[in-house]
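Q: start.cif (mmCIF, C-alpha atoms) pasted underneath:
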data_structure
#
loop_
_atom_site.label_atom_id
_atom_site.label_comp_id
_atom_site.auth_asym_id
_atom_site.auth_seq_id
_atom_site.Cartn_x
_atom_site.Cartn_y
_atom_site.Cartn_z
CA MET A 1 -88.46 -33.96 -57.52
CA THR A 2 -85.21 -33.05 -59.25
CA TYR A 3 -84.78 -33.78 -62.93
CA ARG A 4 -81.26 -33.52 -64.32
CA VAL A 5 -80.52 -33.75 -68.03
CA THR A 6 -76.79 -34.06 -68.65
CA THR A 7 -75.07 -34.10 -72.02
CA ARG A 8 -71.40 -34.96 -72.46
CA ARG A 9 -69.71 -34.65 -75.82
CA ILE A 10 -66.17 -34.77 -77.12
CA SER A 11 -64.56 -31.39 -77.78
CA ARG A 12 -62.05 -30.38 -80.43
CA SER A 13 -59.30 -31.03 -77.90
CA GLY A 14 -60.47 -34.63 -77.52
CA ALA A 15 -61.73 -34.13 -73.95
CA LEU A 16 -65.33 -34.73 -72.90
CA ILE A 17 -67.20 -31.62 -71.82
CA SER A 18 -70.54 -31.68 -70.04
CA PHE A 19 -73.48 -29.45 -69.32
CA SER A 20 -76.62 -30.16 -67.29
CA LEU A 21 -80.10 -28.69 -67.21
CA VAL A 22 -81.42 -28.92 -63.64
CA TYR A 23 -85.20 -28.82 -63.16
CA ALA A 24 -87.39 -28.71 -60.05
CA LEU A 25 -90.64 -30.63 -60.63
CA GLU A 26 -93.98 -30.49 -58.84
CA TRP A 27 -96.94 -32.73 -59.72
CA LYS A 28 -100.61 -31.95 -58.99
CA GLY A 29 -103.90 -33.54 -59.93
CA ALA A 30 -105.82 -31.69 -62.65
CA GLY A 31 -109.23 -33.06 -63.59
CA ARG A 32 -108.74 -36.57 -64.91
CA GLY A 33 -105.05 -35.97 -65.57
CA TYR A 34 -102.12 -34.17 -64.02
CA ARG A 35 -100.46 -30.80 -63.93
CA LEU A 36 -96.66 -30.67 -63.93
CA ASP A 37 -94.85 -27.47 -62.97
CA ALA A 38 -91.23 -27.64 -64.10
CA MET A 39 -88.79 -24.84 -63.29
CA LEU A 40 -85.40 -24.82 -64.99
CA ARG A 41 -83.32 -23.80 -61.97
CA ARG A 42 -79.90 -23.58 -63.57
CA ILE A 43 -77.46 -24.79 -66.20
CA GLU A 44 -74.27 -26.42 -64.91
CA SER A 45 -71.17 -27.06 -67.01
CA ASP A 46 -67.44 -27.69 -66.84
CA ALA A 47 -66.89 -26.06 -70.25
CA ARG A 48 -65.67 -22.55 -70.99
CA PRO A 49 -68.42 -19.92 -70.55
CA GLU A 50 -68.45 -18.97 -74.23
CA LEU A 51 -68.89 -22.62 -75.20
CA VAL A 52 -71.72 -23.07 -72.69
CA ARG A 53 -73.50 -20.05 -74.17
CA ALA A 54 -73.08 -21.47 -77.67
CA LEU A 55 -74.44 -24.90 -76.69
CA THR A 56 -77.30 -23.77 -74.46
CA GLY A 57 -78.11 -20.31 -75.79
CA LEU A 58 -81.70 -21.08 -76.75
CA VAL A 59 -82.60 -22.44 -73.30
CA GLN A 60 -80.83 -19.72 -71.30
CA PRO A 61 -83.92 -17.42 -71.39
CA LEU A 62 -85.93 -20.25 -69.79
CA VAL A 63 -83.82 -20.33 -66.61
CA GLY A 64 -86.06 -19.28 -63.72
CA GLU A 65 -89.26 -19.80 -65.72
CA THR A 66 -91.95 -22.18 -64.49
CA LEU A 67 -93.20 -24.25 -67.41
CA THR A 68 -96.63 -25.80 -66.79
CA TYR A 69 -97.57 -28.99 -68.62
CA LEU A 70 -100.86 -30.86 -68.76
CA VAL A 71 -100.53 -34.65 -68.84
CA ASP A 72 -103.52 -36.84 -69.58
CA ALA A 73 -104.48 -39.70 -67.26
CA ASP A 74 -102.66 -42.42 -69.21
CA GLY A 75 -99.56 -40.30 -69.84
CA HIS A 76 -99.68 -40.38 -73.63
CA ALA A 77 -100.45 -36.69 -74.18
CA VAL A 78 -98.13 -33.99 -72.81
CA ALA A 79 -98.66 -30.33 -73.72
CA LEU A 80 -97.75 -26.88 -72.47
CA ALA A 81 -100.67 -25.36 -70.56
CA ASP A 82 -100.27 -21.84 -71.99
CA PRO A 83 -97.53 -21.67 -74.63
CA GLU A 84 -98.51 -18.19 -75.81
CA ALA A 85 -98.00 -16.70 -72.34
CA LEU A 86 -94.69 -18.53 -71.92
CA TRP A 87 -93.24 -17.32 -75.20
CA ALA A 88 -94.47 -13.80 -74.54
CA ARG A 89 -92.53 -13.77 -71.25
CA VAL A 90 -89.44 -15.27 -72.87
CA ALA A 91 -89.60 -12.80 -75.76
CA GLU A 92 -89.89 -9.87 -73.35
CA ARG A 93 -86.89 -11.11 -71.40
CA THR A 94 -84.67 -11.74 -74.43
CA GLN A 95 -85.64 -8.47 -76.07
CA GLY A 96 -84.82 -6.64 -72.85
CA LEU A 97 -81.38 -8.21 -72.78
CA ALA A 98 -80.90 -7.60 -76.48
CA ALA A 99 -81.57 -3.89 -76.01
CA GLY A 100 -78.26 -3.55 -74.16
CA ALA A 101 -75.46 -2.20 -76.34
CA GLY A 102 -73.05 -4.82 -75.06
CA ALA A 103 -75.27 -7.85 -75.53
CA PRO A 104 -74.78 -9.14 -79.11
CA GLU A 105 -75.32 -12.75 -77.98
CA ALA A 106 -78.68 -11.84 -76.43
CA ARG A 107 -79.71 -10.15 -79.67
CA GLN A 108 -78.78 -13.29 -81.59
CA VAL A 109 -80.75 -15.53 -79.20
CA ALA A 110 -83.76 -13.21 -79.43
CA ALA A 111 -83.65 -13.39 -83.23
CA LEU A 112 -83.28 -17.18 -83.24
CA LEU A 113 -86.20 -17.69 -80.83
CA ALA A 114 -88.40 -15.32 -82.82
CA ALA A 115 -87.61 -17.23 -86.01
CA LEU A 116 -88.30 -20.70 -84.61
CA PRO A 117 -91.42 -22.38 -86.01
CA ASP A 118 -94.04 -23.30 -83.41
CA ALA A 119 -93.21 -27.02 -83.69
CA GLU A 120 -89.53 -26.35 -82.95
CA ARG A 121 -90.40 -24.16 -79.97
CA ASP A 122 -92.63 -26.91 -78.63
CA LYS A 123 -89.85 -29.47 -79.07
CA LEU A 124 -87.37 -27.19 -77.30
CA VAL A 125 -89.39 -27.09 -74.09
CA THR A 126 -91.19 -30.45 -74.11
CA ALA A 127 -88.68 -33.02 -75.43
CA ASP A 128 -87.08 -33.69 -72.03
CA ILE A 129 -90.46 -33.81 -70.28
CA ARG A 130 -91.96 -36.25 -72.78
CA ALA A 131 -88.85 -38.43 -72.44
CA MET A 132 -89.46 -38.61 -68.68
CA ILE A 133 -93.03 -39.98 -69.05
CA ALA A 134 -92.83 -43.54 -70.37
CA PRO A 135 -96.17 -43.67 -72.28
CA ALA A 136 -95.21 -40.45 -74.11
CA ASN A 137 -91.69 -41.67 -74.90
CA ALA A 138 -92.00 -43.48 -78.23
CA ALA A 139 -88.29 -44.40 -78.22
CA ILE A 140 -88.66 -46.94 -75.40
CA PRO A 141 -88.95 -50.40 -76.98
CA VAL A 142 -91.83 -52.63 -76.00
CA THR A 143 -90.67 -55.74 -77.85
CA GLY A 144 -87.76 -56.67 -80.12
CA ASP A 145 -87.98 -54.66 -83.32
CA GLY A 146 -86.12 -56.42 -86.10
CA GLU A 147 -82.67 -55.04 -86.91
CA ALA A 148 -82.09 -53.22 -83.63
CA SER A 149 -80.80 -55.31 -80.75
CA VAL A 150 -83.31 -54.96 -77.92
CA SER A 151 -83.58 -56.49 -74.46
CA ILE A 152 -86.35 -55.97 -71.89
CA ARG A 153 -86.33 -57.08 -68.27
CA HIS A 154 -89.02 -56.78 -65.59
CA ASP A 155 -87.89 -56.66 -61.97
CA GLY A 156 -90.71 -56.07 -59.50
CA ALA A 157 -91.95 -52.51 -59.91
CA SER A 158 -89.29 -51.56 -62.46
CA LEU A 159 -88.72 -52.27 -66.13
CA THR A 160 -85.32 -52.04 -67.80
CA ALA A 161 -85.13 -51.73 -71.58
CA ALA A 162 -81.98 -51.56 -73.69
CA ARG A 163 -81.38 -50.96 -77.37
CA VAL A 164 -78.18 -51.09 -79.45
CA GLU A 165 -78.16 -49.40 -82.84
CA LYS A 166 -75.59 -48.85 -85.56
CA GLY A 167 -74.84 -45.51 -87.14
CA ALA A 168 -72.00 -43.52 -88.65
CA VAL A 169 -70.29 -40.22 -88.03
CA SER A 170 -68.91 -38.18 -90.91
CA GLY A 171 -65.14 -38.01 -91.20
CA ALA A 172 -63.14 -34.83 -91.66
CA GLY A 173 -62.29 -33.86 -95.25
CA ASP A 174 -61.96 -36.96 -97.41
CA SER A 175 -61.96 -39.32 -94.43
CA ALA A 176 -64.44 -42.16 -94.54
CA ALA A 177 -67.38 -42.11 -92.15
CA ALA A 178 -66.59 -43.91 -88.90
CA PRO A 179 -68.99 -46.60 -87.64
CA LEU A 180 -70.95 -45.62 -84.55
CA ASP A 181 -72.46 -47.81 -81.82
CA ILE A 182 -75.44 -46.18 -80.09
CA GLU A 183 -76.48 -47.78 -76.81
CA THR A 184 -79.56 -46.64 -74.87
CA LEU A 185 -80.75 -47.91 -71.50
CA TRP A 186 -84.04 -46.96 -69.81
CA THR A 187 -85.18 -47.68 -66.24
CA VAL A 188 -88.94 -47.20 -65.79
CA ASP A 189 -90.98 -47.17 -62.58
CA THR A 190 -93.99 -49.18 -63.70
CA ALA A 191 -96.13 -47.94 -60.79
CA THR A 192 -95.90 -44.28 -61.84
CA GLY A 193 -94.94 -44.62 -65.50
CA LEU A 194 -91.94 -42.32 -64.97
CA VAL A 195 -88.55 -42.94 -66.55
CA LEU A 196 -86.21 -42.85 -63.58
CA ARG A 197 -83.11 -42.89 -65.77
CA GLU A 198 -82.29 -42.82 -69.46
CA GLN A 199 -78.69 -43.17 -70.63
CA ARG A 200 -77.73 -42.88 -74.29
CA GLN A 201 -74.10 -43.36 -75.32
CA SER A 202 -72.50 -43.04 -78.76
CA TRP A 203 -69.20 -44.87 -79.33
CA ILE A 204 -66.72 -44.89 -82.21
CA ALA A 205 -64.76 -48.10 -82.68
CA GLU A 206 -60.99 -47.76 -83.11
CA PRO A 207 -59.86 -49.14 -86.52
CA GLY A 208 -58.35 -52.61 -86.21
CA SER A 209 -59.06 -52.78 -82.49
CA GLU A 210 -61.80 -53.68 -80.05
CA ALA A 211 -61.23 -50.38 -78.22
CA ARG A 212 -63.94 -47.73 -78.44
CA THR A 213 -64.11 -43.98 -77.81
CA LEU A 214 -67.12 -42.35 -76.19
CA VAL A 215 -68.04 -39.31 -78.29
CA GLU A 216 -71.39 -38.36 -76.76
CA GLU A 217 -73.52 -39.30 -73.77
CA ARG A 218 -76.88 -38.07 -72.53
CA ILE A 219 -78.31 -38.96 -69.14
CA ARG A 220 -81.79 -37.99 -67.98
CA ALA A 221 -82.30 -38.80 -64.30
CA LEU A 222 -85.06 -38.27 -61.74
CA ALA A 223 -84.34 -37.98 -58.01
CA PRO A 224 -86.45 -37.09 -54.97
CA GLY A 225 -86.11 -33.66 -53.40
CA ASP A 226 -85.67 -30.09 -54.57
CA PRO A 227 -82.42 -29.14 -56.38
CA GLY A 228 -82.15 -25.94 -54.35
#
Will you turn the file into structure tokens for me?
A:
Amino acid sequence: MTYRVTTRRISRSGALISFSLVYALEWKGAGRGYRLDAMLRRIESDARPELVRALTGLVQPLVGETLTYLVDADGHAVALADPEALWARVAERTQGLAAGAGAPEARQVAALLAALPDAERDKLVTADIRAMIAPANAAIPVTGDGEASVSIRHDGASLTAARVEKGAVSGAGDSAAAPLDIETLWTVDTATGLVLREQRQSWIAEPGSEARTLVEERIRALAPGDPG
């Protein structure tokens, strides 16, 4: 399977830039649960190289690494199989790059990774995987939850859930914070418990108008086949 996590966000120029993490996934049975091997094949982007490095610097050392996760039978628990070995390999790679005289960015990434608390390291490499497994994804609504606007629809072997939330984005200087609409849509395969697609969009409303501007979007999508 191919798992693509794409983030689009508005740049200083006002244009949307995007970058994608492209994973190859392989599932196997493991005792009463499952083993998931996920390799981050590449990072794709339409942004300038220096901006891509700034936005994805911490995950760059993971490109080409196979990350092995253990998932329990009901999908609620997802954990790295051997985090110590993974971070040892990543540290060796980043330190090797950092040793080069002309690699200040690699030295910075190596220092940042070394300084990350264990919980932040775990989040860095498991957040996208947990989001893909519906029982482990606590953000997916099950029923309406008060202030948030939620809708849920069952259609055969799939479930579609949507949530609309309100937020705010800080203004520049003395500008007032702008209201933000956050819309998230999930499509879940109920037979496997996998989230086939998650789309989260953040919109700013134009003052005195019904027009809106998309400032950030994240799409996580599963597809059959190997990404190559």
Q: Counting only C-alpha atoms, which residue out of A:Ala134, A:Leu222, A:Ala157, A:Ala73 sits closest to Ala24 of chain A?
A: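 Closest candidate: A:Leu222.
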Q: Neighbours of Ile219 of chain A within 10 Å (all atoms listed in the file; same-chain residues fewer than 4 positions away dropped), as a PyMOL selection string?
A: chain A and resi 4-8+20+184-186+197-201
Q: Can you list what the PyMOL selection byres ((chain A and resi 191) around 8) grabs from this structure, as a list in words?
A: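 Given this file, the PyMOL selection byres ((chain A and resi 191) around 8) evaluates to Ala157, Ser158, Asp189, Thr190, Thr192 and Gly193 of chain A.
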Q: When you look at Val142 of chain A with a cut-off of 10 Å (counting only C-alpha atoms), what residues show up, excluding the ones that are within fewer than 4 positions of it in the same chain? I need them as a count of residues only.
A: 5
Q: Considering all atoms listed in the file, return as a PDB file with C-alpha atoms, in the frame of the given file whatever protein or nucleic-acid residues lie within 10 Å of Asp122 of chain A, sequence-local ones (same chain, fewer than 4 positions apart) excluded.
A:
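Contents of selection_0.pdb, as written:
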ATOM      1  CA  ALA A  79     -98.660 -30.330 -73.720  1.00  0.00           C
ATOM      2  CA  LEU A  80     -97.750 -26.880 -72.470  1.00  0.00           C
ATOM      3  CA  PRO A  83     -97.530 -21.670 -74.630  1.00  0.00           C
ATOM      4  CA  LEU A 116     -88.300 -20.700 -84.610  1.00  0.00           C
ATOM      5  CA  PRO A 117     -91.420 -22.380 -86.010  1.00  0.00           C
ATOM      6  CA  ASP A 118     -94.040 -23.300 -83.410  1.00  0.00           C
ATOM      7  CA  THR A 126     -91.190 -30.450 -74.110  1.00  0.00           C
ATOM      8  CA  ALA A 127     -88.680 -33.020 -75.430  1.00  0.00           C
TER       9      ALA A 127
END
Q: Write out, as JSON lines, each residue of segment 116-199 of chain A that has an atom at most 10 Å from segment 45-64 of chain A, together with the closest pair of atoms and their distance in Å to one decimal, counting only C-alpha atoms, rows going by chain and rising number.
A:
{"residue": "A:Arg121", "atom": "CA", "partner": "A:Leu58", "partner_atom": "CA", "distance": 9.8}
{"residue": "A:Leu124", "atom": "CA", "partner": "A:Val59", "partner_atom": "CA", "distance": 7.8}
{"residue": "A:Val125", "atom": "CA", "partner": "A:Val59", "partner_atom": "CA", "distance": 8.3}
Q: Pick the closest to Ala81 of chain A from A:Leu67, A:Ser149, A:Leu180, A:Ile129: which is it, counting all atoms listed in the file?
A: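 Going through A:Leu67, A:Ser149, A:Leu180, A:Ile129 one by one, the smallest distance to Ala81 of chain A is for A:Leu67.
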Q: Apply the PyMOL selection byres ((chain A and resi 111-113) around 9) to the structure shown and report the selected residues as a VMD selection string.
A: chain A and resid 58 90 to 91 94 to 95 106 to 110 114 to 117 121
Q: Report the distance between atom CA of Arg12 of chain A and atom CA of Leu40 of chain A in Å, rounded to one decimal place.
A: 28.5 Å
Q: Pick the closest to Thr187 of chain A from A:Thr2, A:Ser13, A:Thr160, A:Thr66: which is it, counting all atoms listed in the file?
A: A:Thr160
Q: Measure the distance from atom CA of Ala178 of chain A to atom CA of Ile204 of chain A in Å and round it to one decimal.
A: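 Atom-to-atom, atom CA of Ala178 of chain A to atom CA of Ile204 of chain A, that is 6.8 Å.
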